[in-house]
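Asker: coords_2.tsv is reproduced below (TSV, N, CA, C and O atoms).
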chain	number	residue	atom	x	y	z
A	1	MET	N	-53.60	-56.07	-54.93
A	1	MET	CA	-54.16	-56.83	-56.01
A	1	MET	C	-54.68	-55.85	-57.06
A	1	MET	O	-55.37	-54.89	-56.73
A	2	HIS	N	-54.35	-56.08	-58.31
A	2	HIS	CA	-54.84	-55.26	-59.42
A	2	HIS	C	-55.97	-56.00	-60.12
A	2	HIS	O	-55.85	-57.20	-60.38
A	3	VAL	N	-57.05	-55.30	-60.41
A	3	VAL	CA	-58.15	-55.89	-61.18
A	3	VAL	C	-58.59	-54.91	-62.25
A	3	VAL	O	-58.43	-53.70	-62.10
A	4	SER	N	-59.15	-55.45	-63.32
A	4	SER	CA	-59.63	-54.59	-64.40
A	4	SER	C	-61.01	-54.05	-64.06
A	4	SER	O	-61.77	-54.66	-63.32
A	5	ILE	N	-61.30	-52.91	-64.63
A	5	ILE	CA	-62.62	-52.32	-64.46
A	5	ILE	C	-63.66	-53.27	-65.06
A	5	ILE	O	-64.75	-53.43	-64.51
A	6	ASP	N	-63.32	-53.94	-66.15
A	6	ASP	CA	-64.24	-54.91	-66.76
A	6	ASP	C	-64.57	-56.05	-65.80
A	6	ASP	O	-65.69	-56.54	-65.79
A	7	ARG	N	-63.60	-56.45	-65.00
A	7	ARG	CA	-63.88	-57.52	-64.03
A	7	ARG	C	-64.86	-57.05	-62.96
A	7	ARG	O	-65.74	-57.80	-62.54
A	8	ILE	N	-64.72	-55.82	-62.52
A	8	ILE	CA	-65.66	-55.26	-61.55
A	8	ILE	C	-67.05	-55.20	-62.17
A	8	ILE	O	-68.04	-55.54	-61.53
A	9	LYS	N	-67.12	-54.79	-63.43
A	9	LYS	CA	-68.40	-54.71	-64.13
A	9	LYS	C	-69.05	-56.08	-64.29
A	9	LYS	O	-70.26	-56.21	-64.13
A	10	SER	N	-68.25	-57.09	-64.59
A	10	SER	CA	-68.82	-58.42	-64.85
A	10	SER	C	-69.06	-59.23	-63.58
A	10	SER	O	-69.87	-60.16	-63.60
A	11	ASN	N	-68.38	-58.90	-62.49
A	11	ASN	CA	-68.53	-59.64	-61.22
A	11	ASN	C	-68.62	-58.68	-60.04
A	11	ASN	O	-67.79	-58.74	-59.12
A	12	PRO	N	-69.62	-57.81	-60.01
A	12	PRO	CA	-69.68	-56.83	-58.91
A	12	PRO	C	-69.83	-57.48	-57.54
A	12	PRO	O	-69.45	-56.88	-56.53
A	13	GLU	N	-70.32	-58.71	-57.48
A	13	GLU	CA	-70.47	-59.39	-56.19
A	13	GLU	C	-69.12	-59.76	-55.57
A	13	GLU	O	-69.06	-60.09	-54.39
A	14	ASP	N	-68.04	-59.69	-56.34
A	14	ASP	CA	-66.70	-59.96	-55.82
A	14	ASP	C	-66.08	-58.74	-55.15
A	14	ASP	O	-64.94	-58.79	-54.69
A	15	PHE	N	-66.82	-57.63	-55.09
A	15	PHE	CA	-66.29	-56.38	-54.58
A	15	PHE	C	-67.30	-55.72	-53.64
A	15	PHE	O	-68.46	-56.10	-53.60
A	16	LYS	N	-66.82	-54.76	-52.87
A	16	LYS	CA	-67.68	-53.99	-51.98
A	16	LYS	C	-67.14	-52.58	-51.90
A	16	LYS	O	-65.96	-52.34	-52.16
A	17	VAL	N	-68.01	-51.64	-51.55
A	17	VAL	CA	-67.65	-50.23	-51.53
A	17	VAL	C	-67.57	-49.76	-50.08
A	17	VAL	O	-68.47	-50.01	-49.28
A	18	CYS	N	-66.50	-49.07	-49.76
A	18	CYS	CA	-66.32	-48.49	-48.43
A	18	CYS	C	-67.35	-47.38	-48.23
A	18	CYS	O	-67.49	-46.48	-49.07
A	19	VAL	N	-68.07	-47.43	-47.12
A	19	VAL	CA	-69.07	-46.42	-46.81
A	19	VAL	C	-68.39	-45.09	-46.48
A	19	VAL	O	-68.92	-44.02	-46.79
A	20	GLU	N	-67.21	-45.12	-45.89
A	20	GLU	CA	-66.51	-43.90	-45.47
A	20	GLU	C	-65.93	-43.12	-46.65
A	20	GLU	O	-66.14	-41.92	-46.76
A	21	CYS	N	-65.18	-43.79	-47.53
A	21	CYS	CA	-64.47	-43.06	-48.59
A	21	CYS	C	-64.96	-43.39	-50.00
A	21	CYS	O	-64.58	-42.71	-50.94
A	22	GLY	N	-65.77	-44.43	-50.16
A	22	GLY	CA	-66.31	-44.77	-51.47
A	22	GLY	C	-65.41	-45.61	-52.34
A	22	GLY	O	-65.73	-45.87	-53.50
A	23	TYR	N	-64.28	-46.05	-51.81
A	23	TYR	CA	-63.34	-46.84	-52.60
A	23	TYR	C	-63.85	-48.27	-52.78
A	23	TYR	O	-64.39	-48.86	-51.84
A	24	ILE	N	-63.66	-48.84	-53.96
A	24	ILE	CA	-64.07	-50.22	-54.22
A	24	ILE	C	-62.98	-51.15	-53.72
A	24	ILE	O	-61.80	-50.99	-54.05
A	25	ASN	N	-63.38	-52.14	-52.91
A	25	ASN	CA	-62.47	-53.10	-52.29
A	25	ASN	C	-62.83	-54.52	-52.71
A	25	ASN	O	-63.98	-54.81	-53.03
A	26	TRP	N	-61.86	-55.42	-52.64
A	26	TRP	CA	-62.06	-56.85	-52.85
A	26	TRP	C	-62.95	-57.38	-51.72
A	26	TRP	O	-62.81	-56.93	-50.58
A	27	TYR	N	-63.83	-58.30	-52.00
A	27	TYR	CA	-64.82	-58.75	-51.01
A	27	TYR	C	-64.19	-59.38	-49.78
A	27	TYR	O	-64.80	-59.40	-48.71
A	28	GLU	N	-62.97	-59.89	-49.87
A	28	GLU	CA	-62.32	-60.52	-48.72
A	28	GLU	C	-61.66	-59.52	-47.76
A	28	GLU	O	-61.28	-59.90	-46.67
A	29	ASN	N	-61.52	-58.28	-48.16
A	29	ASN	CA	-60.87	-57.27	-47.30
A	29	ASN	C	-61.74	-57.00	-46.07
A	29	ASN	O	-62.92	-56.75	-46.19
A	30	ASP	N	-61.11	-57.06	-44.90
A	30	ASP	CA	-61.80	-56.71	-43.65
A	30	ASP	C	-61.83	-55.21	-43.44
A	30	ASP	O	-62.72	-54.68	-42.77
A	31	ARG	N	-60.82	-54.54	-43.96
A	31	ARG	CA	-60.70	-53.09	-43.84
A	31	ARG	C	-60.47	-52.50	-45.22
A	31	ARG	O	-59.83	-53.11	-46.07
A	32	CYS	N	-60.95	-51.28	-45.40
A	32	CYS	CA	-60.74	-50.57	-46.66
A	32	CYS	C	-59.25	-50.33	-46.86
A	32	CYS	O	-58.56	-49.90	-45.93
A	33	ILE	N	-58.76	-50.58	-48.07
A	33	ILE	CA	-57.33	-50.38	-48.32
A	33	ILE	C	-56.94	-48.91	-48.42
A	33	ILE	O	-55.77	-48.58	-48.37
A	34	MET	N	-57.94	-48.03	-48.53
A	34	MET	CA	-57.65	-46.60	-48.62
A	34	MET	C	-57.73	-45.90	-47.26
A	34	MET	O	-56.86	-45.13	-46.92
A	35	CYS	N	-58.80	-46.18	-46.49
A	35	CYS	CA	-59.00	-45.41	-45.25
A	35	CYS	C	-59.04	-46.27	-43.98
A	35	CYS	O	-59.05	-45.73	-42.89
A	36	GLY	N	-59.10	-47.59	-44.12
A	36	GLY	CA	-59.09	-48.45	-42.95
A	36	GLY	C	-60.46	-48.73	-42.33
A	36	GLY	O	-60.56	-49.46	-41.34
A	37	SER	N	-61.51	-48.17	-42.89
A	37	SER	CA	-62.86	-48.38	-42.35
A	37	SER	C	-63.26	-49.85	-42.47
A	37	SER	O	-62.77	-50.58	-43.33
A	38	ARG	N	-64.19	-50.26	-41.63
A	38	ARG	CA	-64.73	-51.63	-41.69
A	38	ARG	C	-66.18	-51.65	-42.19
A	38	ARG	O	-66.82	-52.68	-42.17
A	39	GLN	N	-66.67	-50.51	-42.62
A	39	GLN	CA	-68.07	-50.43	-43.06
A	39	GLN	C	-68.13	-50.44	-44.59
A	39	GLN	O	-67.52	-49.58	-45.25
A	40	PHE	N	-68.87	-51.40	-45.13
A	40	PHE	CA	-68.98	-51.57	-46.57
A	40	PHE	C	-70.43	-51.72	-46.99
A	40	PHE	O	-71.29	-52.03	-46.20
A	41	ARG	N	-70.66	-51.52	-48.28
A	41	ARG	CA	-71.94	-51.80	-48.92
A	41	ARG	C	-71.64	-52.49	-50.25
A	41	ARG	O	-70.50	-52.48	-50.71
A	42	ARG	N	-72.67	-53.02	-50.88
A	42	ARG	CA	-72.44	-53.69	-52.15
A	42	ARG	C	-72.20	-52.67	-53.26
A	42	ARG	O	-72.55	-51.49	-53.13
A	43	VAL	N	-71.63	-53.12	-54.36
A	43	VAL	CA	-71.33	-52.26	-55.50
A	43	VAL	C	-72.61	-52.04	-56.31
A	43	VAL	O	-73.33	-52.98	-56.61
A	44	HIS	N	-72.87	-50.79	-56.64
A	44	HIS	CA	-74.00	-50.43	-57.48
A	44	HIS	C	-73.49	-49.96	-58.84
A	44	HIS	O	-72.31	-49.59	-58.98
A	45	ASN	N	-74.35	-49.95	-59.83
A	45	ASN	CA	-73.97	-49.52	-61.18
A	45	ASN	C	-73.38	-48.11	-61.17
A	45	ASN	O	-72.42	-47.83	-61.88
A	46	LYS	N	-73.93	-47.23	-60.32
A	46	LYS	CA	-73.42	-45.86	-60.27
A	46	LYS	C	-71.95	-45.82	-59.84
A	46	LYS	O	-71.20	-44.93	-60.25
A	47	ASP	N	-71.51	-46.79	-59.02
A	47	ASP	CA	-70.11	-46.85	-58.60
A	47	ASP	C	-69.21	-47.18	-59.79
A	47	ASP	O	-68.12	-46.62	-59.93
A	48	ILE	N	-69.67	-48.08	-60.64
A	48	ILE	CA	-68.88	-48.47	-61.81
A	48	ILE	C	-68.82	-47.32	-62.81
A	48	ILE	O	-67.76	-47.02	-63.37
A	49	VAL	N	-69.93	-46.63	-63.01
A	49	VAL	CA	-69.96	-45.47	-63.92
A	49	VAL	C	-68.99	-44.40	-63.41
A	49	VAL	O	-68.22	-43.83	-64.19
A	50	ALA	N	-69.01	-44.13	-62.12
A	50	ALA	CA	-68.11	-43.13	-61.54
A	50	ALA	C	-66.66	-43.54	-61.71
A	50	ALA	O	-65.80	-42.71	-62.02
A	51	LEU	N	-66.37	-44.82	-61.54
A	51	LEU	CA	-65.01	-45.33	-61.70
A	51	LEU	C	-64.54	-45.14	-63.14
A	51	LEU	O	-63.42	-44.70	-63.38
A	52	GLU	N	-65.40	-45.42	-64.09
A	52	GLU	CA	-65.05	-45.22	-65.50
A	52	GLU	C	-64.79	-43.75	-65.80
A	52	GLU	O	-63.90	-43.43	-66.58
A	53	GLN	N	-65.53	-42.85	-65.18
A	53	GLN	CA	-65.33	-41.41	-65.39
A	53	GLN	C	-63.97	-40.96	-64.85
A	53	GLN	O	-63.31	-40.12	-65.45
A	54	VAL	N	-63.57	-41.52	-63.73
A	54	VAL	CA	-62.28	-41.16	-63.14
A	54	VAL	C	-61.13	-41.60	-64.05
A	54	VAL	O	-60.13	-40.90	-64.18
A	55	TYR	N	-61.30	-42.74	-64.70
A	55	TYR	CA	-60.25	-43.31	-65.52
A	55	TYR	C	-60.49	-43.09	-67.00
A	55	TYR	O	-60.29	-43.98	-67.82
A	56	LEU	N	-60.90	-41.89	-67.38
A	56	LEU	CA	-61.13	-41.56	-68.78
A	56	LEU	C	-59.85	-41.58	-69.60
A	56	LEU	O	-59.88	-41.62	-70.82
A	57	ASP	N	-58.70	-41.58	-68.90
A	57	ASP	CA	-57.41	-41.58	-69.60
A	57	ASP	C	-57.08	-42.93	-70.23
A	57	ASP	O	-56.05	-43.09	-70.86
A	58	GLY	N	-57.94	-43.94	-70.03
A	58	GLY	CA	-57.71	-45.24	-70.63
A	58	GLY	C	-57.16	-46.28	-69.68
A	58	GLY	O	-56.98	-47.44	-70.05
A	59	SER	N	-56.89	-45.90	-68.42
A	59	SER	CA	-56.45	-46.88	-67.45
A	59	SER	C	-57.55	-47.93	-67.28
A	59	SER	O	-58.72	-47.61	-67.31
A	60	THR	N	-57.14	-49.17	-67.13
A	60	THR	CA	-58.14	-50.23	-67.04
A	60	THR	C	-58.02	-51.06	-65.77
A	60	THR	O	-58.78	-52.00	-65.58
A	61	GLU	N	-57.06	-50.76	-64.89
A	61	GLU	CA	-56.88	-51.54	-63.67
A	61	GLU	C	-56.79	-50.62	-62.46
A	61	GLU	O	-56.30	-49.50	-62.55
A	62	ILE	N	-57.27	-51.14	-61.33
A	62	ILE	CA	-57.15	-50.43	-60.06
A	62	ILE	C	-56.68	-51.42	-59.00
A	62	ILE	O	-56.77	-52.63	-59.18
A	63	ASP	N	-56.19	-50.90	-57.88
A	63	ASP	CA	-55.85	-51.72	-56.72
A	63	ASP	C	-57.11	-51.91	-55.89
A	63	ASP	O	-57.83	-50.96	-55.67
A	64	VAL	N	-57.34	-53.15	-55.43
A	64	VAL	CA	-58.49	-53.41	-54.56
A	64	VAL	C	-58.05	-54.14	-53.33
A	64	VAL	O	-57.06	-54.76	-53.27
Transcribe the structure of this file into structure tokens.
Answerer:
Amino acid sequence: MHVSIDRIKSNPEDFKVCVECGYINWYENDRCIMCGSRQFRRVHNKDIVALEQVYLDGSTEIDV
């Protein structure tokens, strides 16, 4: 599933962050799509800021 960074910013409750690798996942995922971990935490503003820094090239969507 592809989502925009703006969607993550406007609806952070729809997402969760993997404790193991830090990847942002869709809230319905049982396992992280990057590393397979089952441990998550809620999305914080610092996660969104970091995501924007990674995508300084203008990309606006990520897989979740």
Asker: Show me, as number ranges by chain, the residues that have an atom within 10 Å of stretch 29-32 of chain A when counting only C-alpha atoms, minus same-chain residues fewer than 5 positions from it.
Answerer: A: 15-24, 37-40, 64
Asker: So what do you get for atom N of A:Trp26 versus atom O of A:Val54, distance-wise?
Answerer: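 Taking atom N of A:Trp26 and atom O of A:Val54, their separation equals 18.6 Å.
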Asker: Record the distance separating atom CA of A:His44 and atom CA of A:Leu56, expressed in Å with one decimal.
Answerer: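 Atom CA of A:Leu56 lies 19.3 Å from atom CA of A:His44.
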Asker: Taking the DSSP assignment computed from this structure's backbone, write out as JSON, numbers by chain all residues of chain A that belong to strand (DSSP E or B).
Answerer: {"A": [2, 3, 4, 15, 16, 17, 18, 24, 25, 26, 40, 41, 42, 61, 62, 63]}
Asker: Got time to write the residues from that selection, N, CA, C and O atoms, as a compact mmCIF listing (two decimals), keeping the file's coordinate frame?
Answerer:
# COMPACT_ATOMS: atom_id res chain seq x y z
N HIS A 2 -54.35 -56.08 -58.31
CA HIS A 2 -54.84 -55.26 -59.42
C HIS A 2 -55.97 -56.00 -60.12
O HIS A 2 -55.85 -57.20 -60.38
N VAL A 3 -57.05 -55.30 -60.41
CA VAL A 3 -58.15 -55.89 -61.18
C VAL A 3 -58.59 -54.91 -62.25
O VAL A 3 -58.43 -53.70 -62.10
N SER A 4 -59.15 -55.45 -63.32
CA SER A 4 -59.63 -54.59 -64.40
C SER A 4 -61.01 -54.05 -64.06
O SER A 4 -61.77 -54.66 -63.32
N PHE A 15 -66.82 -57.63 -55.09
CA PHE A 15 -66.29 -56.38 -54.58
C PHE A 15 -67.30 -55.72 -53.64
O PHE A 15 -68.46 -56.10 -53.60
N LYS A 16 -66.82 -54.76 -52.87
CA LYS A 16 -67.68 -53.99 -51.98
C LYS A 16 -67.14 -52.58 -51.90
O LYS A 16 -65.96 -52.34 -52.16
N VAL A 17 -68.01 -51.64 -51.55
CA VAL A 17 -67.65 -50.23 -51.53
C VAL A 17 -67.57 -49.76 -50.08
O VAL A 17 -68.47 -50.01 -49.28
N CYS A 18 -66.50 -49.07 -49.76
CA CYS A 18 -66.32 -48.49 -48.43
C CYS A 18 -67.35 -47.38 -48.23
O CYS A 18 -67.49 -46.48 -49.07
N ILE A 24 -63.66 -48.84 -53.96
CA ILE A 24 -64.07 -50.22 -54.22
C ILE A 24 -62.98 -51.15 -53.72
O ILE A 24 -61.80 -50.99 -54.05
N ASN A 25 -63.38 -52.14 -52.91
CA ASN A 25 -62.47 -53.10 -52.29
C ASN A 25 -62.83 -54.52 -52.71
O ASN A 25 -63.98 -54.81 -53.03
N TRP A 26 -61.86 -55.42 -52.64
CA TRP A 26 -62.06 -56.85 -52.85
C TRP A 26 -62.95 -57.38 -51.72
O TRP A 26 -62.81 -56.93 -50.58
N PHE A 40 -68.87 -51.40 -45.13
CA PHE A 40 -68.98 -51.57 -46.57
C PHE A 40 -70.43 -51.72 -46.99
O PHE A 40 -71.29 -52.03 -46.20
N ARG A 41 -70.66 -51.52 -48.28
CA ARG A 41 -71.94 -51.80 -48.92
C ARG A 41 -71.64 -52.49 -50.25
O ARG A 41 -70.50 -52.48 -50.71
N ARG A 42 -72.67 -53.02 -50.88
CA ARG A 42 -72.44 -53.69 -52.15
C ARG A 42 -72.20 -52.67 -53.26
O ARG A 42 -72.55 -51.49 -53.13
N GLU A 61 -57.06 -50.76 -64.89
CA GLU A 61 -56.88 -51.54 -63.67
C GLU A 61 -56.79 -50.62 -62.46
O GLU A 61 -56.30 -49.50 -62.55
N ILE A 62 -57.27 -51.14 -61.33
CA ILE A 62 -57.15 -50.43 -60.06
C ILE A 62 -56.68 -51.42 -59.00
O ILE A 62 -56.77 -52.63 -59.18
N ASP A 63 -56.19 -50.90 -57.88
CA ASP A 63 -55.85 -51.72 -56.72
C ASP A 63 -57.11 -51.91 -55.89
O ASP A 63 -57.83 -50.96 -55.67
Asker: Between atom C of A:Ser4 and atom C of A:Ile62, what is the distance in Å, rounded to a tenth?
Answerer: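 According to the coordinates, atom C of A:Ser4 and atom C of A:Ile62 are separated by 7.2 Å.
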